[in-house]
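Next comes target-v8.pdb, with PDB, C-alpha atoms and all ligand atoms.
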```pdb
ATOM      1  CA  MET A   1     106.015  51.154 101.553  1.00  0.00           C
ATOM      2  CA  ALA A   2     107.173  47.674 102.454  1.00  0.00           C
ATOM      3  CA  PRO A   3     105.142  44.779 101.021  1.00  0.00           C
ATOM      4  CA  ARG A   4     102.372  43.249 103.091  1.00  0.00           C
ATOM      5  CA  LEU A   5     102.558  39.834 104.724  1.00  0.00           C
ATOM      6  CA  PHE A   6     100.294  36.888 103.893  1.00  0.00           C
ATOM      7  CA  VAL A   7     101.046  33.893 106.113  1.00  0.00           C
ATOM      8  CA  ASN A   8     100.760  30.439 104.581  1.00  0.00           C
ATOM      9  CA  VAL A   9      99.630  28.038 107.337  1.00  0.00           C
ATOM     10  CA  ASP A  10      99.926  24.755 105.366  1.00  0.00           C
ATOM     11  CA  HIS A  11     102.612  23.382 107.630  1.00  0.00           C
ATOM     12  CA  VAL A  12     100.494  23.742 110.748  1.00  0.00           C
ATOM     13  CA  ALA A  13      98.316  21.146 109.024  1.00  0.00           C
ATOM     14  CA  THR A  14     101.433  19.122 108.138  1.00  0.00           C
ATOM     15  CA  VAL A  15     102.135  18.665 111.864  1.00  0.00           C
ATOM     16  CA  ARG A  16      98.509  17.705 112.471  1.00  0.00           C
ATOM     17  CA  GLN A  17      98.601  15.162 109.645  1.00  0.00           C
ATOM     18  CA  ALA A  18     101.713  13.539 111.119  1.00  0.00           C
ATOM     19  CA  ARG A  19      99.251  11.983 113.604  1.00  0.00           C
ATOM     20  CA  ARG A  20      96.018  12.293 111.562  1.00  0.00           C
ATOM     21  CA  THR A  21      94.473  14.089 114.504  1.00  0.00           C
ATOM     22  CA  VAL A  22      92.905  17.505 115.089  1.00  0.00           C
ATOM     23  CA  GLN A  23      95.829  19.497 116.487  1.00  0.00           C
ATOM     24  CA  PRO A  24      97.396  21.866 115.709  1.00  0.00           C
ATOM     25  CA  ASP A  25      94.518  23.531 113.871  1.00  0.00           C
ATOM     26  CA  PRO A  26      95.523  25.700 110.883  1.00  0.00           C
ATOM     27  CA  VAL A  27      92.408  27.862 111.349  1.00  0.00           C
ATOM     28  CA  GLU A  28      93.368  28.608 114.949  1.00  0.00           C
ATOM     29  CA  ALA A  29      96.913  29.395 113.750  1.00  0.00           C
ATOM     30  CA  ALA A  30      95.505  31.751 111.120  1.00  0.00           C
ATOM     31  CA  LEU A  31      93.497  33.607 113.765  1.00  0.00           C
ATOM     32  CA  VAL A  32      96.555  33.915 116.021  1.00  0.00           C
ATOM     33  CA  ALA A  33      98.556  35.217 113.033  1.00  0.00           C
ATOM     34  CA  VAL A  34      95.920  37.826 112.207  1.00  0.00           C
ATOM     35  CA  SER A  35      95.665  38.884 115.867  1.00  0.00           C
ATOM     36  CA  THR A  36      99.287  40.113 115.745  1.00  0.00           C
ATOM     37  CA  GLY A  37      98.141  43.007 113.535  1.00  0.00           C
ATOM     38  CA  LYS A  38     101.123  42.357 111.236  1.00  0.00           C
ATOM     39  CA  VAL A  39      99.417  39.985 108.816  1.00  0.00           C
ATOM     40  CA  VAL A  40      97.010  41.209 106.148  1.00  0.00           C
ATOM     41  CA  GLY A  41      95.899  37.856 104.787  1.00  0.00           C
ATOM     42  CA  ILE A  42      96.098  34.077 105.023  1.00  0.00           C
ATOM     43  CA  THR A  43      97.133  31.625 102.328  1.00  0.00           C
ATOM     44  CA  VAL A  44      96.632  27.872 102.097  1.00  0.00           C
ATOM     45  CA  HIS A  45      97.359  25.372  99.344  1.00  0.00           C
ATOM     46  CA  LEU A  46      94.656  22.729  98.905  1.00  0.00           C
ATOM     47  CA  ARG A  47      96.779  20.086  97.196  1.00  0.00           C
ATOM     48  CA  GLU A  48      95.174  17.356  95.116  1.00  0.00           C
ATOM     49  CA  ASP A  49      96.621  14.705  97.473  1.00  0.00           C
ATOM     50  CA  ARG A  50      95.370  16.639 100.575  1.00  0.00           C
ATOM     51  CA  ARG A  51      98.709  16.038 102.261  1.00  0.00           C
ATOM     52  CA  HIS A  52      98.210  18.943 104.673  1.00  0.00           C
ATOM     53  CA  ILE A  53      95.225  21.282 104.168  1.00  0.00           C
ATOM     54  CA  ASN A  54      91.909  19.492 103.524  1.00  0.00           C
ATOM     55  CA  ASP A  55      88.498  20.555 102.182  1.00  0.00           C
ATOM     56  CA  ASN A  56      87.099  21.095 105.671  1.00  0.00           C
ATOM     57  CA  ASP A  57      90.007  23.425 106.574  1.00  0.00           C
ATOM     58  CA  VAL A  58      89.283  25.518 103.489  1.00  0.00           C
ATOM     59  CA  ALA A  59      85.589  25.868 104.361  1.00  0.00           C
ATOM     60  CA  ARG A  60      86.320  26.675 108.029  1.00  0.00           C
ATOM     61  CA  MET A  61      89.052  29.138 107.061  1.00  0.00           C
ATOM     62  CA  LYS A  62      86.689  31.049 104.807  1.00  0.00           C
ATOM     63  CA  SER A  63      84.027  31.412 107.486  1.00  0.00           C
ATOM     64  CA  ALA A  64      86.452  32.214 110.344  1.00  0.00           C
ATOM     65  CA  LEU A  65      88.600  34.823 108.617  1.00  0.00           C
ATOM     66  CA  HIS A  66      87.851  38.523 108.447  1.00  0.00           C
ATOM     67  CA  VAL A  67      90.919  39.229 106.328  1.00  0.00           C
ATOM     68  CA  PRO A  68      91.586  38.300 102.692  1.00  0.00           C
ATOM     69  CA  PHE A  69      91.904  34.567 102.062  1.00  0.00           C
ATOM     70  CA  ASN A  70      94.185  33.391  99.250  1.00  0.00           C
ATOM     71  CA  LEU A  71      93.646  29.833  98.014  1.00  0.00           C
ATOM     72  CA  GLU A  72      96.609  28.296  96.187  1.00  0.00           C
ATOM     73  CA  MET A  73      95.383  25.679  93.766  1.00  0.00           C
ATOM     74  CA  SER A  74      96.025  23.647  90.660  1.00  0.00           C
ATOM     75  CA  CYS A  75      93.741  23.934  87.631  1.00  0.00           C
ATOM     76  CA  THR A  76      92.051  20.538  88.053  1.00  0.00           C
ATOM     77  CA  GLU A  77      88.268  20.557  87.749  1.00  0.00           C
ATOM     78  CA  GLN A  78      87.624  19.255  91.270  1.00  0.00           C
ATOM     79  CA  ILE A  79      89.745  21.966  92.896  1.00  0.00           C
ATOM     80  CA  VAL A  80      88.267  24.671  90.659  1.00  0.00           C
ATOM     81  CA  GLY A  81      84.803  23.561  91.852  1.00  0.00           C
ATOM     82  CA  ILE A  82      85.862  23.833  95.507  1.00  0.00           C
ATOM     83  CA  CYS A  83      87.266  27.306  94.852  1.00  0.00           C
ATOM     84  CA  LEU A  84      84.041  28.467  93.211  1.00  0.00           C
ATOM     85  CA  ARG A  85      82.005  27.139  96.160  1.00  0.00           C
ATOM     86  CA  THR A  86      84.359  28.637  98.777  1.00  0.00           C
ATOM     87  CA  HIS A  87      84.766  31.980  97.084  1.00  0.00           C
ATOM     88  CA  PRO A  88      88.100  33.144  98.538  1.00  0.00           C
ATOM     89  CA  GLU A  89      89.052  36.763  97.857  1.00  0.00           C
ATOM     90  CA  GLU A  90      92.023  35.570  95.821  1.00  0.00           C
ATOM     91  CA  ALA A  91      93.061  32.346  94.085  1.00  0.00           C
ATOM     92  CA  THR A  92      96.663  31.660  93.123  1.00  0.00           C
ATOM     93  CA  LEU A  93      97.035  29.132  90.317  1.00  0.00           C
ATOM     94  CA  VAL A  94     100.115  26.958  90.736  1.00  0.00           C
ATOM     95  CA  PRO A  95     101.541  23.936  88.928  1.00  0.00           C
ATOM     96  CA  GLU A  96     101.220  20.732  90.914  1.00  0.00           C
ATOM     97  CA  ASN A  97     103.078  17.481  90.694  1.00  0.00           C
ATOM     98  CA  ARG A  98     102.329  14.655  93.133  1.00  0.00           C
ATOM     99  CA  GLU A  99     105.947  13.620  93.633  1.00  0.00           C
ATOM    100  CA  GLU A 100     107.193  17.088  94.596  1.00  0.00           C
ATOM    101  CA  VAL A 101     107.938  18.068  98.209  1.00  0.00           C
ATOM    102  CA  THR A 102     106.759  21.620  97.479  1.00  0.00           C
ATOM    103  CA  THR A 103     105.799  23.659  94.397  1.00  0.00           C
ATOM    104  CA  GLU A 104     108.923  23.402  92.280  1.00  0.00           C
ATOM    105  CA  GLY A 105     108.576  26.031  89.586  1.00  0.00           C
ATOM    106  CA  GLY A 106     106.146  28.565  88.222  1.00  0.00           C
ATOM    107  CA  LEU A 107     103.324  27.694  85.820  1.00  0.00           C
ATOM    108  CA  ASP A 108     104.492  26.643  82.369  1.00  0.00           C
ATOM    109  CA  MET A 109     102.579  29.449  80.701  1.00  0.00           C
ATOM    110  CA  ASN A 110     103.336  28.239  77.173  1.00  0.00           C
ATOM    111  CA  ARG A 111     102.117  24.698  77.710  1.00  0.00           C
ATOM    112  CA  GLN A 112      99.228  25.436  80.086  1.00  0.00           C
ATOM    113  CA  PHE A 113      98.069  28.720  78.612  1.00  0.00           C
ATOM    114  CA  ASN A 114      94.621  27.613  77.393  1.00  0.00           C
ATOM    115  CA  ARG A 115      93.658  25.879  80.633  1.00  0.00           C
ATOM    116  CA  VAL A 116      95.024  28.697  82.795  1.00  0.00           C
ATOM    117  CA  ARG A 117      93.127  31.273  80.739  1.00  0.00           C
ATOM    118  CA  GLU A 118      89.887  29.295  81.018  1.00  0.00           C
ATOM    119  CA  VAL A 119      90.161  28.803  84.800  1.00  0.00           C
ATOM    120  CA  THR A 120      91.158  32.458  85.235  1.00  0.00           C
ATOM    121  CA  ARG A 121      88.083  33.554  83.307  1.00  0.00           C
ATOM    122  CA  ARG A 122      85.722  31.352  85.353  1.00  0.00           C
ATOM    123  CA  LEU A 123      87.125  32.471  88.712  1.00  0.00           C
ATOM    124  CA  ARG A 124      87.150  36.130  87.728  1.00  0.00           C
ATOM    125  CA  ALA A 125      83.568  35.877  86.470  1.00  0.00           C
ATOM    126  CA  ASP A 126      82.743  34.834  90.031  1.00  0.00           C
ATOM    127  CA  GLY A 127      84.482  37.929  91.473  1.00  0.00           C
ATOM    128  CA  ILE A 128      87.621  36.109  92.636  1.00  0.00           C
ATOM    129  CA  MET A 129      90.951  37.862  92.000  1.00  0.00           C
ATOM    130  CA  VAL A 130      93.315  35.521  90.160  1.00  0.00           C
ATOM    131  CA  SER A 131      97.060  35.428  90.669  1.00  0.00           C
ATOM    132  CA  LEU A 132      99.354  33.272  88.530  1.00  0.00           C
ATOM    133  CA  PHE A 133     102.475  31.813  90.145  1.00  0.00           C
ATOM    134  CA  ILE A 134     105.178  32.337  87.536  1.00  0.00           C
ATOM    135  CA  ASP A 135     108.917  32.303  87.163  1.00  0.00           C
ATOM    136  CA  PRO A 136     110.349  35.817  86.836  1.00  0.00           C
ATOM    137  CA  ASN A 137     110.809  36.062  83.083  1.00  0.00           C
ATOM    138  CA  SER A 138     109.250  38.353  80.533  1.00  0.00           C
ATOM    139  CA  THR A 139     107.432  35.644  78.525  1.00  0.00           C
ATOM    140  CA  SER A 140     105.620  34.378  81.612  1.00  0.00           C
ATOM    141  CA  VAL A 141     104.650  37.907  82.665  1.00  0.00           C
ATOM    142  CA  LYS A 142     103.271  38.686  79.216  1.00  0.00           C
ATOM    143  CA  LEU A 143     101.325  35.414  79.005  1.00  0.00           C
ATOM    144  CA  ALA A 144      99.917  35.996  82.519  1.00  0.00           C
ATOM    145  CA  ALA A 145      98.534  39.334  81.343  1.00  0.00           C
ATOM    146  CA  ASP A 146      97.193  37.700  78.160  1.00  0.00           C
ATOM    147  CA  ALA A 147      95.488  35.008  80.267  1.00  0.00           C
ATOM    148  CA  GLY A 148      93.483  37.707  82.058  1.00  0.00           C
ATOM    149  CA  ALA A 149      95.055  37.447  85.523  1.00  0.00           C
ATOM    150  CA  THR A 150      94.695  40.321  87.979  1.00  0.00           C
ATOM    151  CA  HIS A 151      97.926  39.428  89.805  1.00  0.00           C
ATOM    152  CA  VAL A 152     101.147  37.541  89.351  1.00  0.00           C
ATOM    153  CA  GLU A 153     103.111  35.916  92.145  1.00  0.00           C
ATOM    154  CA  LEU A 154     106.796  35.863  91.255  1.00  0.00           C
ATOM    155  CA  HIS A 155     108.521  32.641  92.282  1.00  0.00           C
ATOM    156  CA  THR A 156     111.391  33.590  94.607  1.00  0.00           C
ATOM    157  CA  GLY A 157     112.683  30.009  95.000  1.00  0.00           C
ATOM    158  CA  ARG A 158     115.643  30.346  92.630  1.00  0.00           C
ATOM    159  CA  TYR A 159     116.765  33.532  94.376  1.00  0.00           C
ATOM    160  CA  CYS A 160     116.464  31.847  97.798  1.00  0.00           C
ATOM    161  CA  ASP A 161     118.373  28.732  96.686  1.00  0.00           C
ATOM    162  CA  ALA A 162     121.070  30.543  94.693  1.00  0.00           C
ATOM    163  CA  PRO A 163     124.679  30.543  95.920  1.00  0.00           C
ATOM    164  CA  PRO A 164     126.050  34.003  96.786  1.00  0.00           C
ATOM    165  CA  ASP A 165     127.693  34.524  93.384  1.00  0.00           C
ATOM    166  CA  THR A 166     124.473  34.115  91.343  1.00  0.00           C
ATOM    167  CA  ARG A 167     122.037  35.578  93.872  1.00  0.00           C
ATOM    168  CA  PRO A 168     122.305  39.147  92.501  1.00  0.00           C
ATOM    169  CA  ARG A 169     121.343  37.841  89.051  1.00  0.00           C
ATOM    170  CA  GLU A 170     118.263  36.051  90.442  1.00  0.00           C
ATOM    171  CA  LEU A 171     117.289  39.190  92.371  1.00  0.00           C
ATOM    172  CA  GLU A 172     117.617  41.274  89.213  1.00  0.00           C
ATOM    173  CA  ALA A 173     115.323  38.852  87.332  1.00  0.00           C
ATOM    174  CA  LEU A 174     112.688  39.340  90.058  1.00  0.00           C
ATOM    175  CA  ARG A 175     113.105  43.096  89.915  1.00  0.00           C
ATOM    176  CA  GLU A 176     112.756  43.263  86.127  1.00  0.00           C
ATOM    177  CA  ALA A 177     109.707  40.985  86.174  1.00  0.00           C
ATOM    178  CA  ALA A 178     108.082  43.130  88.886  1.00  0.00           C
ATOM    179  CA  ILE A 179     108.639  46.304  86.867  1.00  0.00           C
ATOM    180  CA  GLN A 180     107.295  44.697  83.679  1.00  0.00           C
ATOM    181  CA  ALA A 181     104.237  43.183  85.401  1.00  0.00           C
ATOM    182  CA  HIS A 182     103.393  46.486  87.073  1.00  0.00           C
ATOM    183  CA  ALA A 183     103.738  48.308  83.742  1.00  0.00           C
ATOM    184  CA  MET A 184     101.295  45.805  82.222  1.00  0.00           C
ATOM    185  CA  GLY A 185      98.717  46.596  84.888  1.00  0.00           C
ATOM    186  CA  LEU A 186      99.214  43.460  86.991  1.00  0.00           C
ATOM    187  CA  VAL A 187      99.349  43.487  90.784  1.00  0.00           C
ATOM    188  CA  VAL A 188     102.662  41.931  91.835  1.00  0.00           C
ATOM    189  CA  ASN A 189     103.133  39.459  94.686  1.00  0.00           C
ATOM    190  CA  ALA A 190     106.071  37.171  95.409  1.00  0.00           C
ATOM    191  CA  GLY A 191     106.902  34.143  97.496  1.00  0.00           C
ATOM    192  CA  HIS A 192     108.495  30.767  98.079  1.00  0.00           C
ATOM    193  CA  GLY A 193     111.469  29.991 100.279  1.00  0.00           C
ATOM    194  CA  LEU A 194     111.534  33.413 101.956  1.00  0.00           C
ATOM    195  CA  SER A 195     112.818  33.742 105.525  1.00  0.00           C
ATOM    196  CA  SER A 196     114.022  36.478 107.883  1.00  0.00           C
ATOM    197  CA  SER A 197     117.543  36.059 106.530  1.00  0.00           C
ATOM    198  CA  ASN A 198     116.756  36.442 102.803  1.00  0.00           C
ATOM    199  CA  VAL A 199     113.552  38.516 102.595  1.00  0.00           C
ATOM    200  CA  GLY A 200     115.131  41.996 102.877  1.00  0.00           C
ATOM    201  CA  PRO A 201     116.375  42.379  99.267  1.00  0.00           C
ATOM    202  CA  VAL A 202     113.068  40.970  97.934  1.00  0.00           C
ATOM    203  CA  ALA A 203     111.022  43.373 100.058  1.00  0.00           C
ATOM    204  CA  ALA A 204     113.018  46.236  98.488  1.00  0.00           C
ATOM    205  CA  ILE A 205     111.894  45.309  94.954  1.00  0.00           C
ATOM    206  CA  PRO A 206     109.534  48.004  93.634  1.00  0.00           C
ATOM    207  CA  HIS A 207     105.786  47.416  93.125  1.00  0.00           C
ATOM    208  CA  LEU A 208     105.430  44.343  95.372  1.00  0.00           C
ATOM    209  CA  LEU A 209     102.079  44.275  97.131  1.00  0.00           C
ATOM    210  CA  ASP A 210     102.133  40.992  99.082  1.00  0.00           C
ATOM    211  CA  LEU A 211     104.651  38.352 100.105  1.00  0.00           C
ATOM    212  CA  ASN A 212     103.361  34.820 100.764  1.00  0.00           C
ATOM    213  CA  ILE A 213     105.534  33.198 103.414  1.00  0.00           C
ATOM    214  CA  GLY A 214     104.923  29.832 105.055  1.00  0.00           C
ATOM    215  CA  HIS A 215     107.553  27.280 105.933  1.00  0.00           C
ATOM    216  CA  SER A 216     110.120  29.546 107.585  1.00  0.00           C
ATOM    217  CA  ILE A 217     107.465  31.174 109.787  1.00  0.00           C
ATOM    218  CA  ILE A 218     105.949  27.892 110.957  1.00  0.00           C
ATOM    219  CA  ALA A 219     109.416  26.348 111.468  1.00  0.00           C
ATOM    220  CA  ARG A 220     110.468  29.293 113.637  1.00  0.00           C
ATOM    221  CA  ALA A 221     107.103  29.286 115.446  1.00  0.00           C
ATOM    222  CA  VAL A 222     107.795  25.769 116.738  1.00  0.00           C
ATOM    223  CA  LEU A 223     110.706  27.239 118.701  1.00  0.00           C
ATOM    224  CA  VAL A 224     109.567  30.738 119.675  1.00  0.00           C
ATOM    225  CA  GLY A 225     105.789  30.822 119.100  1.00  0.00           C
ATOM    226  CA  LEU A 226     103.798  32.126 116.152  1.00  0.00           C
ATOM    227  CA  PRO A 227     103.470  35.811 117.234  1.00  0.00           C
ATOM    228  CA  GLN A 228     107.245  36.075 117.795  1.00  0.00           C
ATOM    229  CA  ALA A 229     108.021  34.319 114.474  1.00  0.00           C
ATOM    230  CA  ILE A 230     105.689  36.745 112.682  1.00  0.00           C
ATOM    231  CA  SER A 231     107.268  39.755 114.428  1.00  0.00           C
ATOM    232  CA  GLU A 232     110.705  38.650 113.270  1.00  0.00           C
ATOM    233  CA  ILE A 233     109.797  38.197 109.598  1.00  0.00           C
ATOM    234  CA  HIS A 234     107.686  41.342 109.596  1.00  0.00           C
ATOM    235  CA  ALA A 235     110.647  43.337 110.959  1.00  0.00           C
ATOM    236  CA  ALA A 236     112.927  41.862 108.277  1.00  0.00           C
ATOM    237  CA  MET A 237     110.448  43.015 105.584  1.00  0.00           C
ATOM    238  CA  GLN A 238     110.445  46.665 106.687  1.00  0.00           C
ATOM    239  CA  VAL A 239     112.769  48.028 104.020  1.00  0.00           C
ATOM    240  CA  ALA A 240     111.758  50.795 101.659  1.00  0.00           C
ATOM    241  CA  PRO A 241     111.362  49.674  98.018  1.00  0.00           C
ATOM    242  CA  GLN A 242     114.122  51.064  95.781  1.00  0.00           C
ATOM    243  CA  ASP A 243     112.870  52.328  92.398  1.00  0.00           C
TER     244      ASP A 243
HETATM  245  N1  LIG B 301     103.748  30.899  97.149  1.00  0.00           N
HETATM  246  C1  LIG B 301     103.393  29.760  96.524  1.00  0.00           C
HETATM  247  C2  LIG B 301     102.697  29.883  95.210  1.00  0.00           C
HETATM  248  C3  LIG B 301     103.632  28.502  97.086  1.00  0.00           C
HETATM  249  O1  LIG B 301     103.269  27.376  96.423  1.00  0.00           O
HETATM  250  C4  LIG B 301     104.220  28.441  98.364  1.00  0.00           C
HETATM  251  C5  LIG B 301     104.416  27.107  99.032  1.00  0.00           C
HETATM  252  O2  LIG B 301     103.168  26.561  99.322  1.00  0.00           O
HETATM  253  C6  LIG B 301     104.563  29.642  99.002  1.00  0.00           C
HETATM  254  C7  LIG B 301     104.343  30.859  98.362  1.00  0.00           C
HETATM  255  C8  LIG B 301     105.166  29.684 100.356  1.00  0.00           C
HETATM  256  O3  LIG B 301     106.444  29.129 100.302  1.00  0.00           O
HETATM  257  P1  LIG B 301     107.234  28.846 101.640  1.00  0.00           P
HETATM  258  O4  LIG B 301     106.447  27.838 102.408  1.00  0.00           O
HETATM  259  O5  LIG B 301     108.550  28.331 101.150  1.00  0.00           O
HETATM  260  O6  LIG B 301     107.342  30.154 102.366  1.00  0.00           O
END
```

Reformat the file's structure so that it appears as structure tokens.
Amino acid sequence: MAPRLFVNVDHVATVRQARRTVQPDPVEAALVAVSTGKVVGITVHLREDRRHINDNDVARMKSALHVPFNLEMSCTEQIVGICLRTHPEEATLVPENREEVTTEGGLDMNRQFNRVREVTRRLRADGIMVSLFIDPNSTSVKLAADAGATHVELHTGRYCDAPPDTRPRELEALREAAIQAHAMGLVVNAGHGLSSSNVGPVAAIPHLLDLNIGHSIIARAVLVGLPQAISEIHAAMQVAPQD
């Protein structure tokens, strides 16, 4: 089976914030995305600087959605508190750096292990599934399991950015990490930088449950509309995993 699609609607809010107004509404976009029947869940990243999604969006998203809601978040106390109050089905812990344009790498599981383990424990105690956004290497996968996560999300950014000669190596790293994580009992997701033109080989990696895709969908939606943009990426994902 092909992986399932979670749409990240952060950049609908980015357009809204360009004018600090109320349109376009990321919650409305999420409902349009779900209405296509091709999207199993919605993801947003509540960044500490609130550059796109804000606290009110998170609360409205939770009450409007009837599909799983995945909140991407850093491990800061304020954001952890919002997550516990909102109670999304899934939380994805990510590293966050104010200067970055987007999440640049996976969690540094060696350096942040204690904090990640503590936040994972608190969210899981509240019934929230916890995914850790990690680079595809065996140390990070092992430490994610040790931290008590239910899921990992493998960072596909290096694969997406790689020139053609090193792309196969980056794809192989994702594949090996997916196999290892699955063998350790973790649910495996992936995302970052995926588009209709590069998602096929990732969708064929075994054991992937969900792909989180944002920027390329919203960018395409500006030109052809959100349902059409979702149809295109969904079609590009329909490849059978190769074991
Ligand atoms: N997964 C994670 C953990 C992310 O931080 C992001 C970006 O917010 C995505 C997936 C989606 O990446 P993109 O917008 O490049 O599709």

**Request:** Could you report the residues within 6 Å of ligand LIG 301 (chain B), using all atoms listed in the file, as a PyMOL selection string?
**Result:** chain A and resi 45+94+103+133+191-194+212-216

Could you write out as an mmCIF file with C-alpha atoms, in the coordinates of the input the residues that the PyMOL selection byres (((chain A and resi 44) around 10) and not hetatm) matches in the shown file?
```
data_model
loop_
_atom_site.group_PDB
_atom_site.id
_atom_site.type_symbol
_atom_site.label_atom_id
_atom_site.label_comp_id
_atom_site.auth_asym_id
_atom_site.auth_seq_id
_atom_site.Cartn_x
_atom_site.Cartn_y
_atom_site.Cartn_z
ATOM 1 C CA PHE A 6 100.294 36.888 103.893
ATOM 2 C CA VAL A 7 101.046 33.893 106.113
ATOM 3 C CA ASN A 8 100.760 30.439 104.581
ATOM 4 C CA VAL A 9 99.630 28.038 107.337
ATOM 5 C CA ASP A 10 99.926 24.755 105.366
ATOM 6 C CA HIS A 11 102.612 23.382 107.630
ATOM 7 C CA ALA A 13 98.316 21.146 109.024
ATOM 8 C CA PRO A 26 95.523 25.700 110.883
ATOM 9 C CA ALA A 30 95.505 31.751 111.120
ATOM 10 C CA ILE A 42 96.098 34.077 105.023
ATOM 11 C CA THR A 43 97.133 31.625 102.328
ATOM 12 C CA HIS A 45 97.359 25.372 99.344
ATOM 13 C CA LEU A 46 94.656 22.729 98.905
ATOM 14 C CA ARG A 47 96.779 20.086 97.196
ATOM 15 C CA HIS A 52 98.210 18.943 104.673
ATOM 16 C CA ILE A 53 95.225 21.282 104.168
ATOM 17 C CA ASN A 54 91.909 19.492 103.524
ATOM 18 C CA ASP A 57 90.007 23.425 106.574
ATOM 19 C CA VAL A 58 89.283 25.518 103.489
ATOM 20 C CA MET A 61 89.052 29.138 107.061
ATOM 21 C CA PHE A 69 91.904 34.567 102.062
ATOM 22 C CA ASN A 70 94.185 33.391 99.250
ATOM 23 C CA LEU A 71 93.646 29.833 98.014
ATOM 24 C CA GLU A 72 96.609 28.296 96.187
ATOM 25 C CA MET A 73 95.383 25.679 93.766
ATOM 26 C CA ALA A 91 93.061 32.346 94.085
ATOM 27 C CA THR A 92 96.663 31.660 93.123
ATOM 28 C CA ASN A 212 103.361 34.820 100.764
ATOM 29 C CA GLY A 214 104.923 29.832 105.055
#
```

**Message:** Assuming the chain letters and numbering stay as they are in my file, what does the PyMOL selection byres (((chain A and resi 90) around 6) and not hetatm) actually select? List them as a PyMOL selection string.
**Reply:** chain A and resi 70+88-89+91+128-130

**Request:** Record the distance separating CA of Pro95 (chain A) and CA of Leu107 (chain A), expressed in Å with one decimal.
**Result:**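 Calculated distance between CA of Pro95 (chain A) and CA of Leu107 (chain A) is 5.2 Å.
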
**Prompt:** Within 10 Å of (91.7, 21.9, 90.7), only C-alpha atoms: residues as JSON, numbers by chain?
**Reply:** {"A": [46, 47, 48, 72, 73, 74, 75, 76, 77, 78, 79, 80, 81, 82, 83, 93, 94, 96, 119]}

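The residues caught by the PyMOL selection byres (((chain A and resi 40) around 7) and not hetatm) in this file are A:Arg4, A:Leu5, A:Phe6, A:Lys38, A:Val39, A:Gly41, A:Val67.
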
**Message:** Just to confirm, what's the straight-line distance from CA of Asp108 (chain A) to CA of Gly200 (chain A) in Å (one decimal)?
**Reply:**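 Straight-line distance from CA of Asp108 (chain A) to CA of Gly200 (chain A) works out to 27.7 Å.
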
**Asked** Near region 167-170 of chain A, within 10 Å and counting only C-alpha atoms, which residues show up once chain neighbours fewer than 4 positions away are dropped, as a list in words?
**Response** Pro136, Thr156, Gly157, Arg158, Tyr159, Cys160, Asp161, Ala162, Pro163, Leu174, Arg175 and Pro201 of chain A

**Request:** Choose the residue, out of A:Ser35, A:Asn97, A:Thr120, A:Thr166, that has the smallest atom-to-atom separation from Ala145 (chain A); count all atoms listed in the file.
**Result:** A:Thr120

**Request:** Quote the spacing between CA of Asn189 (chain A) and CA of Leu209 (chain A) in Å to one decimal place.
**Result:**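 Between CA of Asn189 (chain A) and CA of Leu209 (chain A) the gap works out to 5.5 Å.
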
**Message:** If we count only C-alpha atoms and set the cut-off at 9 Å, which residues sit around Ala149 (chain A), ignoring sequence neighbours fewer than 5 positions away in its own chain? Please answer as number ranges by chain.
**Reply:** A: 117, 120-121, 124, 129-132, 144, 186

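Compared by their closest atoms to His87 (chain A), and using all atoms listed in the file, the residues A:Lys142, A:Arg122, A:Arg111, A:Arg220 rank with A:Arg122 nearest.
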
Repair of region 163-172 of chain A at the level of N, CA and C atoms, as a PDB file, in the coordinates of the input:
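What ended up in part-v2.pdb:
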```pdb
ATOM      1  N   PRO A 163     123.456  30.257  95.166  1.00  0.00           N
ATOM      2  CA  PRO A 163     124.679  30.543  95.920  1.00  0.00           C
ATOM      3  C   PRO A 163     124.986  32.029  95.831  1.00  0.00           C
ATOM      4  N   PRO A 164     125.815  32.550  96.723  1.00  0.00           N
ATOM      5  CA  PRO A 164     126.050  34.003  96.786  1.00  0.00           C
ATOM      6  C   PRO A 164     126.464  34.627  95.457  1.00  0.00           C
ATOM      7  N   ASP A 165     127.213  33.881  94.622  1.00  0.00           N
ATOM      8  CA  ASP A 165     127.693  34.524  93.384  1.00  0.00           C
ATOM      9  C   ASP A 165     126.584  34.736  92.353  1.00  0.00           C
ATOM     10  N   THR A 166     125.533  33.909  92.356  1.00  0.00           N
ATOM     11  CA  THR A 166     124.473  34.115  91.343  1.00  0.00           C
ATOM     12  C   THR A 166     123.209  34.760  91.937  1.00  0.00           C
ATOM     13  N   ARG A 167     123.223  34.976  93.234  1.00  0.00           N
ATOM     14  CA  ARG A 167     122.037  35.578  93.872  1.00  0.00           C
ATOM     15  C   ARG A 167     121.676  36.950  93.289  1.00  0.00           C
ATOM     16  N   PRO A 168     122.670  37.832  93.055  1.00  0.00           N
ATOM     17  CA  PRO A 168     122.305  39.147  92.501  1.00  0.00           C
ATOM     18  C   PRO A 168     121.590  39.021  91.159  1.00  0.00           C
ATOM     19  N   ARG A 169     121.997  38.030  90.350  1.00  0.00           N
ATOM     20  CA  ARG A 169     121.343  37.841  89.051  1.00  0.00           C
ATOM     21  C   ARG A 169     119.878  37.396  89.231  1.00  0.00           C
ATOM     22  N   GLU A 170     119.638  36.525  90.189  1.00  0.00           N
ATOM     23  CA  GLU A 170     118.263  36.051  90.442  1.00  0.00           C
ATOM     24  C   GLU A 170     117.403  37.201  90.993  1.00  0.00           C
ATOM     25  N   LEU A 171     118.019  38.042  91.819  1.00  0.00           N
ATOM     26  CA  LEU A 171     117.289  39.190  92.371  1.00  0.00           C
ATOM     27  C   LEU A 171     116.932  40.170  91.253  1.00  0.00           C
ATOM     28  N   GLU A 172     117.862  40.358  90.335  1.00  0.00           N
ATOM     29  CA  GLU A 172     117.617  41.274  89.213  1.00  0.00           C
ATOM     30  C   GLU A 172     116.480  40.751  88.333  1.00  0.00           C
TER      31      GLU A 172
END
```
